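So this block is final36.pdb, PDB, C-alpha atoms:
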ATOM      1  CA  MET A  27     -10.814  15.039 -32.936
ATOM      2  CA  LYS A  28     -14.045  13.104 -33.627
ATOM      3  CA  LYS A  29     -12.024   9.939 -34.303
ATOM      4  CA  LEU A  30     -10.223  10.345 -30.998
ATOM      5  CA  MET A  31     -13.500  10.827 -29.107
ATOM      6  CA  PHE A  32     -14.852   7.656 -30.736
ATOM      7  CA  ALA A  33     -11.689   5.671 -30.023
ATOM      8  CA  ILE A  34     -11.517   6.458 -26.286
ATOM      9  CA  PRO A  35     -14.681   4.508 -25.298
ATOM     10  CA  LEU A  36     -13.539   1.572 -27.439
ATOM     11  CA  ALA A  37     -10.138   1.564 -25.764
ATOM     12  CA  LEU A  38     -11.758   1.683 -22.316
ATOM     13  CA  ALA A  39     -14.121  -1.161 -23.181
ATOM     14  CA  ALA A  40     -11.180  -3.230 -24.423
ATOM     15  CA  SER A  41      -9.173  -2.551 -21.255
ATOM     16  CA  PHE A  42     -12.119  -3.604 -19.028
ATOM     17  CA  ALA A  43     -12.541  -6.772 -21.099
ATOM     18  CA  GLN A  44      -8.833  -7.523 -20.675
ATOM     19  CA  ALA A  45      -9.098  -6.890 -16.933
ATOM     20  CA  ASP A  46     -12.030  -9.325 -16.675
ATOM     21  CA  GLU A  47     -10.107 -11.938 -18.670
ATOM     22  CA  LEU A  48      -7.039 -11.473 -16.485
ATOM     23  CA  GLN A  49      -9.165 -11.748 -13.321
ATOM     24  CA  ALA A  50     -10.656 -15.021 -14.570
ATOM     25  CA  LYS A  51      -7.151 -16.385 -15.227
ATOM     26  CA  VAL A  52      -5.976 -15.352 -11.755
ATOM     27  CA  GLU A  53      -8.981 -17.046 -10.130
ATOM     28  CA  GLN A  54      -8.358 -20.242 -12.103
ATOM     29  CA  MET A  55      -4.663 -20.201 -11.157
ATOM     30  CA  MET A  56      -5.538 -19.777  -7.468
ATOM     31  CA  VAL A  57      -7.964 -22.701  -7.498
ATOM     32  CA  SER A  58      -5.559 -24.987  -9.336
ATOM     33  CA  SER A  59      -2.530 -24.016  -7.223
ATOM     34  CA  PHE A  60      -3.939 -24.969  -3.831
ATOM     35  CA  LYS A  61      -5.344 -28.132  -2.328
ATOM     36  CA  ALA A  62      -7.409 -28.720   0.781
ATOM     37  CA  ASN A  63      -5.388 -29.916   3.756
ATOM     38  CA  GLY A  64      -6.764 -30.397   7.250
ATOM     39  CA  ILE A  65      -8.876 -27.444   8.336
ATOM     40  CA  ALA A  66      -7.515 -25.292   5.485
ATOM     41  CA  SER A  67     -10.211 -25.923   2.893
ATOM     42  CA  LEU A  68     -10.658 -24.570  -0.617
ATOM     43  CA  ASP A  69     -13.784 -22.621   0.282
ATOM     44  CA  ARG A  70     -11.412 -19.739   1.068
ATOM     45  CA  GLN A  71     -10.733 -19.452  -2.666
ATOM     46  CA  LYS A  72     -14.293 -18.352  -3.399
ATOM     47  CA  GLN A  73     -15.186 -14.718  -2.843
ATOM     48  CA  ASP A  74     -18.591 -13.905  -1.416
ATOM     49  CA  ALA A  75     -20.632 -10.932  -2.631
ATOM     50  CA  ILE A  76     -18.989  -8.348  -0.381
ATOM     51  CA  GLN A  77     -15.469  -9.545  -1.194
ATOM     52  CA  LYS A  78     -16.210  -9.361  -4.923
ATOM     53  CA  ALA A  79     -17.728  -5.900  -4.598
ATOM     54  CA  CYS A  80     -14.790  -4.569  -2.561
ATOM     55  CA  SER A  81     -12.253  -6.132  -4.957
ATOM     56  CA  SER A  82     -13.851  -4.469  -7.967
ATOM     57  CA  LEU A  83     -11.963  -1.852  -9.960
ATOM     58  CA  THR A  84     -15.075   0.314  -9.703
ATOM     59  CA  PRO A  85     -15.506   2.060  -6.326
ATOM     60  CA  LEU A  86     -18.746   1.206  -4.528
ATOM     61  CA  ASP A  87     -21.494   3.819  -4.441
ATOM     62  CA  THR A  88     -23.097   4.768  -1.134
ATOM     63  CA  GLU A  89     -26.322   2.837  -1.770
ATOM     64  CA  THR A  90     -24.437  -0.385  -2.551
ATOM     65  CA  MET A  91     -22.228   0.057   0.541
ATOM     66  CA  LYS A  92     -25.284   0.458   2.775
ATOM     67  CA  ARG A  93     -27.013  -2.573   1.219
ATOM     68  CA  LEU A  94     -23.929  -4.765   1.687
ATOM     69  CA  GLU A  95     -23.393  -3.562   5.257
ATOM     70  CA  ALA A  96     -27.040  -4.283   6.138
ATOM     71  CA  ALA A  97     -26.681  -7.839   4.824
ATOM     72  CA  GLU A  98     -23.467  -8.326   6.831
ATOM     73  CA  PHE A  99     -25.132  -6.921   9.959
ATOM     74  CA  GLU A 100     -27.706  -9.703   9.748
ATOM     75  CA  THR A 101     -24.902 -12.286  10.114
ATOM     76  CA  ILE A 102     -23.786 -11.035  13.539
ATOM     77  CA  GLN A 103     -24.404 -13.599  16.265
ATOM     78  CA  TRP A 104     -24.915 -11.820  19.541
ATOM     79  CA  PRO A 105     -23.856 -13.600  22.768
ATOM     80  CA  SER A 106     -26.109 -16.582  23.326
ATOM     81  CA  ASP A 107     -26.405 -15.751  27.046
ATOM     82  CA  GLY A 108     -26.419 -11.959  26.680
ATOM     83  CA  ASN A 109     -22.983 -11.789  28.321
ATOM     84  CA  TYR A 110     -20.798  -9.492  26.206
ATOM     85  CA  THR A 111     -17.851  -8.647  28.434
ATOM     86  CA  GLY A 112     -17.715 -11.336  31.124
ATOM     87  CA  GLY A 113     -14.695 -13.115  29.718
ATOM     88  CA  ASP A 114     -11.184 -13.321  31.152
ATOM     89  CA  TRP A 115      -9.110 -10.342  30.058
ATOM     90  CA  LYS A 116      -5.894 -12.358  30.499
ATOM     91  CA  GLN A 117      -7.171 -14.875  27.956
ATOM     92  CA  GLY A 118      -8.212 -11.957  25.756
ATOM     93  CA  GLN A 119      -4.696 -10.561  25.950
ATOM     94  CA  LYS A 120      -3.274 -13.864  24.689
ATOM     95  CA  ILE A 121      -5.834 -14.069  21.877
ATOM     96  CA  ALA A 122      -5.155 -10.474  20.818
ATOM     97  CA  ALA A 123      -1.400 -11.066  20.719
ATOM     98  CA  SER A 124      -1.559 -14.384  18.861
ATOM     99  CA  GLY A 125      -1.728 -14.517  15.091
ATOM    100  CA  ARG A 126      -1.797 -18.308  15.065
ATOM    101  CA  GLY A 127      -4.538 -20.336  13.452
ATOM    102  CA  LEU A 128      -6.462 -21.574  10.425
ATOM    103  CA  THR A 129      -3.424 -23.181   8.822
ATOM    104  CA  TRP A 130      -3.258 -26.743   7.550
ATOM    105  CA  THR A 131      -1.121 -27.781  10.533
ATOM    106  CA  ASP A 132      -3.756 -26.685  13.053
ATOM    107  CA  LYS A 133      -5.948 -29.457  14.404
ATOM    108  CA  SER A 134      -8.848 -27.213  15.360
ATOM    109  CA  PRO A 135      -9.939 -23.620  14.807
ATOM    110  CA  ASP A 136     -10.788 -23.292  18.520
ATOM    111  CA  ASN A 137      -7.314 -22.136  19.545
ATOM    112  CA  ASN A 138      -6.873 -19.425  16.928
ATOM    113  CA  GLY A 139      -5.478 -16.045  17.780
ATOM    114  CA  GLY A 140      -7.042 -12.756  16.777
ATOM    115  CA  GLY A 141      -3.847 -11.125  15.519
ATOM    116  CA  CYS A 142      -5.171  -7.797  16.831
ATOM    117  CA  TYR A 143      -1.697  -6.326  17.334
ATOM    118  CA  ASN A 144      -0.991  -6.663  13.612
ATOM    119  CA  CYS A 145      -3.134  -3.565  13.107
ATOM    120  CA  HIS A 146      -3.886  -1.983  16.487
ATOM    121  CA  ALA A 147      -2.177  -0.578  19.576
ATOM    122  CA  MET A 148      -3.851  -1.939  22.701
ATOM    123  CA  ASP A 149      -1.657  -2.336  25.791
ATOM    124  CA  PRO A 150       0.438   0.863  26.170
ATOM    125  CA  ASN A 151       3.381  -1.266  27.337
ATOM    126  CA  GLU A 152       3.384  -3.493  24.241
ATOM    127  CA  VAL A 153       6.400  -2.714  22.064
ATOM    128  CA  SER A 154       5.156  -4.371  18.875
ATOM    129  CA  GLU A 155       1.886  -3.020  17.550
ATOM    130  CA  GLY A 156       0.286  -2.109  14.262
ATOM    131  CA  THR A 157      -0.797   1.273  12.985
ATOM    132  CA  ILE A 158      -3.121   0.227  10.148
ATOM    133  CA  GLY A 159      -6.120   0.327  12.489
ATOM    134  CA  VAL A 160      -7.025   2.894  15.120
ATOM    135  CA  SER A 161      -5.330   2.782  18.513
ATOM    136  CA  LEU A 162      -7.386   0.862  21.067
ATOM    137  CA  GLU A 163      -5.345   2.011  24.064
ATOM    138  CA  GLY A 164      -7.684   3.008  26.884
ATOM    139  CA  TYR A 165     -10.613   1.537  24.938
ATOM    140  CA  GLY A 166     -13.072   0.971  27.771
ATOM    141  CA  LYS A 167     -11.820   3.881  29.874
ATOM    142  CA  LEU A 168     -12.297   6.360  27.014
ATOM    143  CA  ARG A 169     -15.503   5.007  25.472
ATOM    144  CA  GLY A 170     -17.293   3.748  28.577
ATOM    145  CA  ASN A 171     -19.423   0.629  28.670
ATOM    146  CA  SER A 172     -22.829   1.798  27.515
ATOM    147  CA  GLU A 173     -25.018  -0.789  25.792
ATOM    148  CA  GLU A 174     -24.475   0.981  22.477
ATOM    149  CA  VAL A 175     -20.660   0.908  22.744
ATOM    150  CA  VAL A 176     -20.550  -2.692  23.993
ATOM    151  CA  LYS A 177     -22.875  -3.973  21.245
ATOM    152  CA  TYR A 178     -20.992  -2.029  18.566
ATOM    153  CA  THR A 179     -17.689  -3.528  19.737
ATOM    154  CA  TRP A 180     -19.070  -7.080  19.762
ATOM    155  CA  GLY A 181     -20.560  -6.576  16.308
ATOM    156  CA  LYS A 182     -17.321  -5.120  14.962
ATOM    157  CA  LEU A 183     -15.345  -8.092  16.285
ATOM    158  CA  TRP A 184     -17.889 -10.563  14.900
ATOM    159  CA  ASN A 185     -18.208  -8.999  11.441
ATOM    160  CA  SER A 186     -16.404  -5.717  10.798
ATOM    161  CA  LYS A 187     -17.944  -5.407   7.342
ATOM    162  CA  ALA A 188     -21.339  -4.796   8.944
ATOM    163  CA  TYR A 189     -20.033  -1.318   9.808
ATOM    164  CA  ASN A 190     -17.698  -0.678   6.867
ATOM    165  CA  ALA A 191     -18.288  -2.869   3.816
ATOM    166  CA  CYS A 192     -14.690  -2.772   2.623
ATOM    167  CA  SER A 193     -13.010  -2.822   6.035
ATOM    168  CA  ASP A 194      -9.586  -4.477   6.149
ATOM    169  CA  MET A 195     -10.420  -5.961   9.555
ATOM    170  CA  PRO A 196     -11.113  -9.714   9.517
ATOM    171  CA  ARG A 197     -14.641 -10.968  10.116
ATOM    172  CA  ASN A 198     -13.528 -12.802  13.250
ATOM    173  CA  GLY A 199     -16.767 -14.475  14.307
ATOM    174  CA  TYR A 200     -18.436 -14.748  10.923
ATOM    175  CA  GLY A 201     -15.235 -16.059   9.362
ATOM    176  CA  GLY A 202     -14.748 -18.744  11.997
ATOM    177  CA  ILE A 203     -11.511 -17.186  13.223
ATOM    178  CA  LEU A 204     -12.686 -16.707  16.817
ATOM    179  CA  THR A 205     -15.397 -18.479  18.780
ATOM    180  CA  GLU A 206     -18.049 -16.706  20.844
ATOM    181  CA  GLU A 207     -16.059 -17.495  23.999
ATOM    182  CA  GLN A 208     -12.848 -16.092  22.505
ATOM    183  CA  ILE A 209     -14.608 -12.904  21.435
ATOM    184  CA  ARG A 210     -15.945 -12.538  24.979
ATOM    185  CA  HIS A 211     -12.344 -12.768  26.258
ATOM    186  CA  VAL A 212     -11.207 -10.085  23.785
ATOM    187  CA  MET A 213     -14.153  -7.937  24.878
ATOM    188  CA  ALA A 214     -12.965  -8.283  28.491
ATOM    189  CA  TYR A 215      -9.468  -7.273  27.381
ATOM    190  CA  LEU A 216     -10.940  -4.116  25.834
ATOM    191  CA  PHE A 217     -13.395  -3.212  28.617
ATOM    192  CA  ASP A 218     -12.221  -4.627  31.969
ATOM    193  CA  PRO A 219     -10.826  -1.797  34.148
ATOM    194  CA  ALA A 220      -8.107  -4.217  35.355
ATOM    195  CA  SER A 221      -6.924  -4.907  31.799
ATOM    196  CA  PRO A 222      -3.657  -3.225  30.765
ATOM    197  CA  VAL A 223      -5.573  -1.717  27.849
ATOM    198  CA  ASN A 224      -7.344   0.546  30.335
ATOM    199  CA  GLN A 225      -4.413   1.464  32.592
TER     200      GLN A 225
END
Take the structure from the file and write it as C-alpha coordinates.
Amino acid sequence: MKKLMFAIPLALAASFAQADELQAKVEQMMVSSFKANGIASLDRQKQDAIQKACSSLTPLDTETMKRLEAAEFETIQWPSDGNYTGGDWKQGQKIAASGRGLTWTDKSPDNNGGGCYNCHAMDPNEVSEGTIGVSLEGYGKLRGNSEEVVKYTWGKLWNSKAYNACSDMPRNGYGGILTEEQIRHVMAYLFDPASPVNQ
(Lines of atoms letter the chains of each structure in order from A and count residues from 1; the text may use other names and numbers.)
(Lines give C-alpha, C1' and ligand atoms only; values in the text may rest on other atoms or scores of the structure.)
Protein backbone atom coordinates (compact mmCIF):
# COMPACT_ATOMS: atom_id res chain seq x y z
CA MET A 1 0.00 0.00 0.00
CA LYS A 2 2.87 2.38 0.85
CA LYS A 3 4.43 1.76 -2.57
CA LEU A 4 1.14 2.59 -4.26
CA MET A 5 0.78 5.82 -2.26
CA PHE A 6 4.32 6.80 -3.28
CA ALA A 7 3.75 5.90 -6.94
CA ILE A 8 0.56 7.96 -7.40
CA PRO A 9 2.22 11.40 -7.01
CA LEU A 10 5.03 10.31 -9.35
CA ALA A 11 2.53 9.17 -11.96
CA LEU A 12 0.63 12.46 -11.68
CA ALA A 13 3.82 14.49 -12.00
CA ALA A 14 4.79 12.48 -15.09
CA SER A 15 1.36 12.99 -16.67
CA PHE A 16 1.52 16.78 -16.09
CA ALA A 17 5.02 16.85 -17.59
CA GLN A 18 3.73 14.96 -20.63
CA ALA A 19 0.79 17.36 -20.93
CA ASP A 20 3.17 20.35 -20.86
CA GLU A 21 5.38 18.72 -23.50
CA LEU A 22 2.37 17.96 -25.68
CA GLN A 23 1.09 21.54 -25.29
CA ALA A 24 4.48 22.90 -26.39
CA LYS A 25 4.40 20.65 -29.47
CA VAL A 26 0.86 21.78 -30.34
CA GLU A 27 1.86 25.45 -30.03
CA GLN A 28 4.90 24.90 -32.26
CA MET A 29 2.77 23.07 -34.85
CA MET A 30 0.23 25.91 -34.89
CA VAL A 31 2.91 28.56 -35.43
CA SER A 32 4.63 26.60 -38.18
CA SER A 33 1.39 25.63 -39.95
CA PHE A 34 0.07 29.14 -40.57
CA LYS A 35 1.40 32.20 -42.33
CA ALA A 36 0.32 35.82 -42.19
CA ASN A 37 -1.88 36.88 -45.09
CA GLY A 38 -3.55 40.25 -45.42
CA ILE A 39 -5.25 41.29 -42.19
CA ALA A 40 -5.00 37.73 -40.80
CA SER A 41 -1.74 38.04 -38.88
CA LEU A 42 0.14 35.54 -36.75
CA ASP A 43 -0.44 37.48 -33.54
CA ARG A 44 -3.61 35.38 -33.18
CA GLN A 45 -1.38 32.38 -32.49
CA LYS A 46 -0.13 33.85 -29.22
CA GLN A 47 -2.31 33.48 -26.15
CA ASP A 48 -2.49 36.37 -23.72
CA ALA A 49 -2.58 35.84 -19.95
CA ILE A 50 -6.33 35.29 -19.70
CA GLN A 51 -6.41 32.87 -22.63
CA LYS A 52 -3.57 30.84 -21.10
CA ALA A 53 -5.25 30.80 -17.70
CA CYS A 54 -8.62 29.71 -19.13
CA SER A 55 -6.97 27.03 -21.31
CA SER A 56 -5.18 25.50 -18.33
CA LEU A 57 -6.02 22.00 -17.16
CA THR A 58 -6.28 23.43 -13.65
CA PRO A 59 -9.54 25.30 -12.94
CA LEU A 60 -9.08 28.93 -11.92
CA ASP A 61 -9.61 29.85 -8.28
CA THR A 62 -11.91 32.74 -7.37
CA GLU A 63 -9.08 35.15 -6.54
CA THR A 64 -7.36 34.57 -9.89
CA MET A 65 -10.67 34.98 -11.76
CA LYS A 66 -11.32 38.32 -10.05
CA ARG A 67 -7.77 39.54 -10.74
CA LEU A 68 -8.01 38.61 -14.43
CA GLU A 69 -11.46 40.16 -14.79
CA ALA A 70 -10.26 43.41 -13.18
CA ALA A 71 -7.38 43.60 -15.66
CA GLU A 72 -9.76 42.98 -18.58
CA PHE A 73 -12.17 45.62 -17.26
CA GLU A 74 -9.40 48.19 -17.56
CA THR A 75 -9.23 47.52 -21.33
CA ILE A 76 -12.83 48.58 -21.99
CA GLN A 77 -13.03 51.71 -24.12
CA TRP A 78 -16.21 53.55 -23.31
CA PRO A 79 -17.88 55.62 -26.08
CA SER A 80 -15.66 58.56 -26.92
CA ASP A 81 -18.68 60.90 -27.05
CA GLY A 82 -20.64 59.28 -24.21
CA ASN A 83 -23.23 58.03 -26.70
CA TYR A 84 -23.91 54.36 -25.93
CA THR A 85 -27.13 53.57 -27.77
CA GLY A 86 -27.52 56.23 -30.46
CA GLY A 87 -26.64 53.96 -33.35
CA ASP A 88 -28.89 52.65 -36.12
CA TRP A 89 -30.66 49.48 -35.03
CA LYS A 90 -31.03 48.38 -38.67
CA GLN A 91 -27.25 48.47 -39.04
CA GLY A 92 -26.99 46.65 -35.71
CA GLN A 93 -29.31 43.95 -37.01
CA LYS A 94 -27.02 43.38 -40.01
CA ILE A 95 -23.91 43.30 -37.81
CA ALA A 96 -25.52 40.85 -35.39
CA ALA A 97 -26.55 38.52 -38.21
CA SER A 98 -23.22 38.61 -40.05
CA GLY A 99 -20.39 36.30 -39.11
CA ARG A 100 -18.12 37.70 -41.80
CA GLY A 101 -14.73 39.19 -41.10
CA LEU A 102 -11.11 38.93 -40.01
CA THR A 103 -10.19 36.45 -42.74
CA TRP A 104 -7.26 36.81 -45.11
CA THR A 105 -9.60 37.73 -47.97
CA ASP A 106 -11.02 40.73 -46.10
CA LYS A 107 -9.52 44.07 -47.03
CA SER A 108 -10.40 45.80 -43.77
CA PRO A 109 -11.69 44.85 -40.33
CA ASP A 110 -14.20 47.73 -40.47
CA ASN A 111 -16.95 45.68 -42.12
CA ASN A 112 -16.84 42.69 -39.80
CA GLY A 113 -19.97 41.10 -38.46
CA GLY A 114 -20.58 40.27 -34.83
CA GLY A 115 -21.87 36.74 -35.39
CA CYS A 116 -24.25 37.27 -32.46
CA TYR A 117 -26.81 34.77 -33.75
CA ASN A 118 -24.23 31.98 -33.53
CA CYS A 119 -24.86 31.94 -29.79
CA HIS A 120 -27.91 34.08 -28.99
CA ALA A 121 -31.59 34.46 -29.84
CA MET A 122 -32.37 38.12 -30.52
CA ASP A 123 -35.19 38.84 -32.98
CA PRO A 124 -38.14 36.54 -32.11
CA ASN A 125 -38.86 36.14 -35.84
CA GLU A 126 -35.35 34.92 -36.69
CA VAL A 127 -35.41 31.21 -37.53
CA SER A 128 -31.69 30.54 -37.14
CA GLU A 129 -30.28 31.34 -33.72
CA GLY A 130 -27.85 29.90 -31.22
CA THR A 131 -28.51 28.55 -27.76
CA ILE A 132 -24.98 28.60 -26.32
CA GLY A 133 -25.55 32.08 -24.89
CA VAL A 134 -28.58 33.48 -23.10
CA SER A 135 -31.59 34.63 -25.11
CA LEU A 136 -31.49 38.36 -25.81
CA GLU A 137 -35.08 38.56 -27.03
CA GLY A 138 -36.78 41.60 -25.50
CA TYR A 139 -33.40 42.79 -24.20
CA GLY A 140 -34.14 46.48 -23.72
CA LYS A 141 -37.83 45.97 -22.94
CA LEU A 142 -37.06 43.51 -20.13
CA ARG A 143 -33.93 45.10 -18.67
CA GLY A 144 -34.72 48.78 -19.19
CA ASN A 145 -32.13 51.39 -20.10
CA SER A 146 -30.68 52.45 -16.77
CA GLU A 147 -27.09 53.71 -16.81
CA GLU A 148 -25.98 50.53 -15.06
CA VAL A 149 -27.60 48.21 -17.64
CA VAL A 150 -26.42 50.27 -20.62
CA LYS A 151 -22.81 50.47 -19.37
CA TYR A 152 -22.77 46.76 -18.51
CA THR A 153 -24.00 45.89 -22.02
CA TRP A 154 -21.40 48.11 -23.70
CA GLY A 155 -18.66 46.64 -21.53
CA LYS A 156 -19.80 43.09 -22.23
CA LEU A 157 -19.76 43.74 -25.98
CA TRP A 158 -16.35 45.41 -25.78
CA ASN A 159 -14.68 42.78 -23.59
CA SER A 160 -16.84 39.97 -22.22
CA LYS A 161 -13.97 38.60 -20.15
CA ALA A 162 -14.16 41.67 -17.92
CA TYR A 163 -17.32 40.11 -16.45
CA ASN A 164 -16.49 36.41 -16.77
CA ALA A 165 -12.81 35.59 -17.22
CA CYS A 166 -13.40 32.40 -19.18
CA SER A 167 -16.45 33.54 -21.14
CA ASP A 168 -16.88 31.96 -24.57
CA MET A 169 -18.12 35.29 -25.95
CA PRO A 170 -15.62 37.09 -28.21
CA ARG A 171 -13.95 40.27 -26.99
CA ASN A 172 -15.54 42.26 -29.81
CA GLY A 173 -14.06 45.70 -29.19
CA TYR A 174 -10.85 44.68 -27.48
CA GLY A 175 -10.20 42.02 -30.10
CA GLY A 176 -10.69 44.40 -33.01
CA ILE A 177 -13.73 42.50 -34.27
CA LEU A 178 -16.12 45.47 -34.06
CA THR A 179 -15.43 49.19 -34.08
CA GLU A 180 -16.92 51.65 -31.59
CA GLU A 181 -19.47 52.70 -34.23
CA GLN A 182 -20.47 49.08 -34.91
CA ILE A 183 -20.90 48.38 -31.21
CA ARG A 184 -23.12 51.46 -30.96
CA HIS A 185 -25.29 50.01 -33.76
CA VAL A 186 -25.53 46.65 -31.94
CA MET A 187 -26.44 48.53 -28.76
CA ALA A 188 -29.27 50.25 -30.66
CA TYR A 189 -30.42 46.84 -31.91
CA LEU A 190 -30.60 45.65 -28.30
CA PHE A 191 -32.16 48.77 -26.75
CA ASP A 192 -34.18 50.71 -29.36
CA PRO A 193 -37.93 50.19 -28.75
CA ALA A 194 -38.41 50.07 -32.55
CA SER A 195 -35.93 47.20 -32.93
CA PRO A 196 -37.44 43.75 -33.57
CA VAL A 197 -35.51 42.55 -30.52
CA ASN A 198 -37.92 44.53 -28.35
CA GLN A 199 -41.20 43.74 -30.14
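Our summary of the geometry notes that atom CA of A:Glu98 is positioned 9.8 Å from atom CA of A:Arg197.
Residues matching the PyMOL selection byres ((chain A and resi 49-63) around 12) in this structure come to Phe42, Ala43, Gln44, Ala45, Asp46, Glu47, Leu48, Gly64, Ile65, Ala66, Ser67, Leu68, Asp69, Arg70, Gln71, Lys72, Gln73, Lys78, Ser81, Ser82, Leu83, Leu128, Thr129, Trp130, Thr131, Asp132 and Lys133 of chain A.
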| message | One number please: atom CA of A:Leu183 to atom CA of A:Thr84, in Å, one decimal. | response | 27.3 Å
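The spacing separating atom CA of A:Glu89 from atom CA of A:Tyr178 amounts to 21.6 Å.
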| said: Given the point (-0.9, -1.8, 10.2) in the file's coordinates, find the residues that have an atom at most 9 Å from it, counting only C-alpha atoms, and give them as a PyMOL selection string. | reply: chain A and resi 143-146+155-159
Excluding A:Val175 and residues on its chain fewer than 4 positions from it, collect all residues at most 12 Å away from it, counting all atoms listed in the file, and give them as a PDB file with C-alpha atoms, in the frame of the given file.
ATOM      1  CA  TYR A 110     -20.798  -9.492  26.206  1.00  0.00           C
ATOM      2  CA  THR A 111     -17.851  -8.647  28.434  1.00  0.00           C
ATOM      3  CA  TYR A 165     -10.613   1.537  24.938  1.00  0.00           C
ATOM      4  CA  GLY A 166     -13.072   0.971  27.771  1.00  0.00           C
ATOM      5  CA  LYS A 167     -11.820   3.881  29.874  1.00  0.00           C
ATOM      6  CA  LEU A 168     -12.297   6.360  27.014  1.00  0.00           C
ATOM      7  CA  ARG A 169     -15.503   5.007  25.472  1.00  0.00           C
ATOM      8  CA  GLY A 170     -17.293   3.748  28.577  1.00  0.00           C
ATOM      9  CA  ASN A 171     -19.423   0.629  28.670  1.00  0.00           C
ATOM     10  CA  THR A 179     -17.689  -3.528  19.737  1.00  0.00           C
ATOM     11  CA  TRP A 180     -19.070  -7.080  19.762  1.00  0.00           C
ATOM     12  CA  GLY A 181     -20.560  -6.576  16.308  1.00  0.00           C
ATOM     13  CA  LYS A 182     -17.321  -5.120  14.962  1.00  0.00           C
ATOM     14  CA  MET A 213     -14.153  -7.937  24.878  1.00  0.00           C
ATOM     15  CA  LEU A 216     -10.940  -4.116  25.834  1.00  0.00           C
ATOM     16  CA  PHE A 217     -13.395  -3.212  28.617  1.00  0.00           C
TER      17      PHE A 217
END
| request: Check what the PyMOL selection byres ((chain A and resi 112) around 12) selects in the file above and give those residues as number ranges by chain. | output: A: 105, 107-111, 113-118, 176, 206-218
Could you write out as a PDB file with C-alpha atoms, keeping the file's coordinate frame the residues that the PyMOL selection byres ((chain A and resi 149) around 6) matches in the shown file?
ATOM      1  CA  MET A 148      -3.851  -1.939  22.701  1.00  0.00           C
ATOM      2  CA  PRO A 150       0.438   0.863  26.170  1.00  0.00           C
ATOM      3  CA  ASN A 151       3.381  -1.266  27.337  1.00  0.00           C
ATOM      4  CA  GLU A 152       3.384  -3.493  24.241  1.00  0.00           C
ATOM      5  CA  GLU A 163      -5.345   2.011  24.064  1.00  0.00           C
ATOM      6  CA  PRO A 222      -3.657  -3.225  30.765  1.00  0.00           C
ATOM      7  CA  VAL A 223      -5.573  -1.717  27.849  1.00  0.00           C
TER       8      VAL A 223
END
Could you put an axis-aligned box around every listed atom of stretch 156-173 of chain A, padded by 5 Å on each side, and send me its centre and edge lengths in Å to one decimal, as lines of an AutoDock Vina configuration file?
center_x = -12.4
center_y = 2.1
center_z = 20.0
size_x = 35.3
size_y = 18.5
size_z = 29.7
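Nearest to A:Ala122 of all the residues A:Ile76, A:Cys142, A:Ala188, A:Ala220 is A:Cys142, counting only C-alpha atoms.
In terms of minimum interatomic distance to A:Leu162, A:Gln225 ranks closest within A:Ala79, A:Asp194, A:Gln225, A:Thr88, counting all atoms listed in the file.
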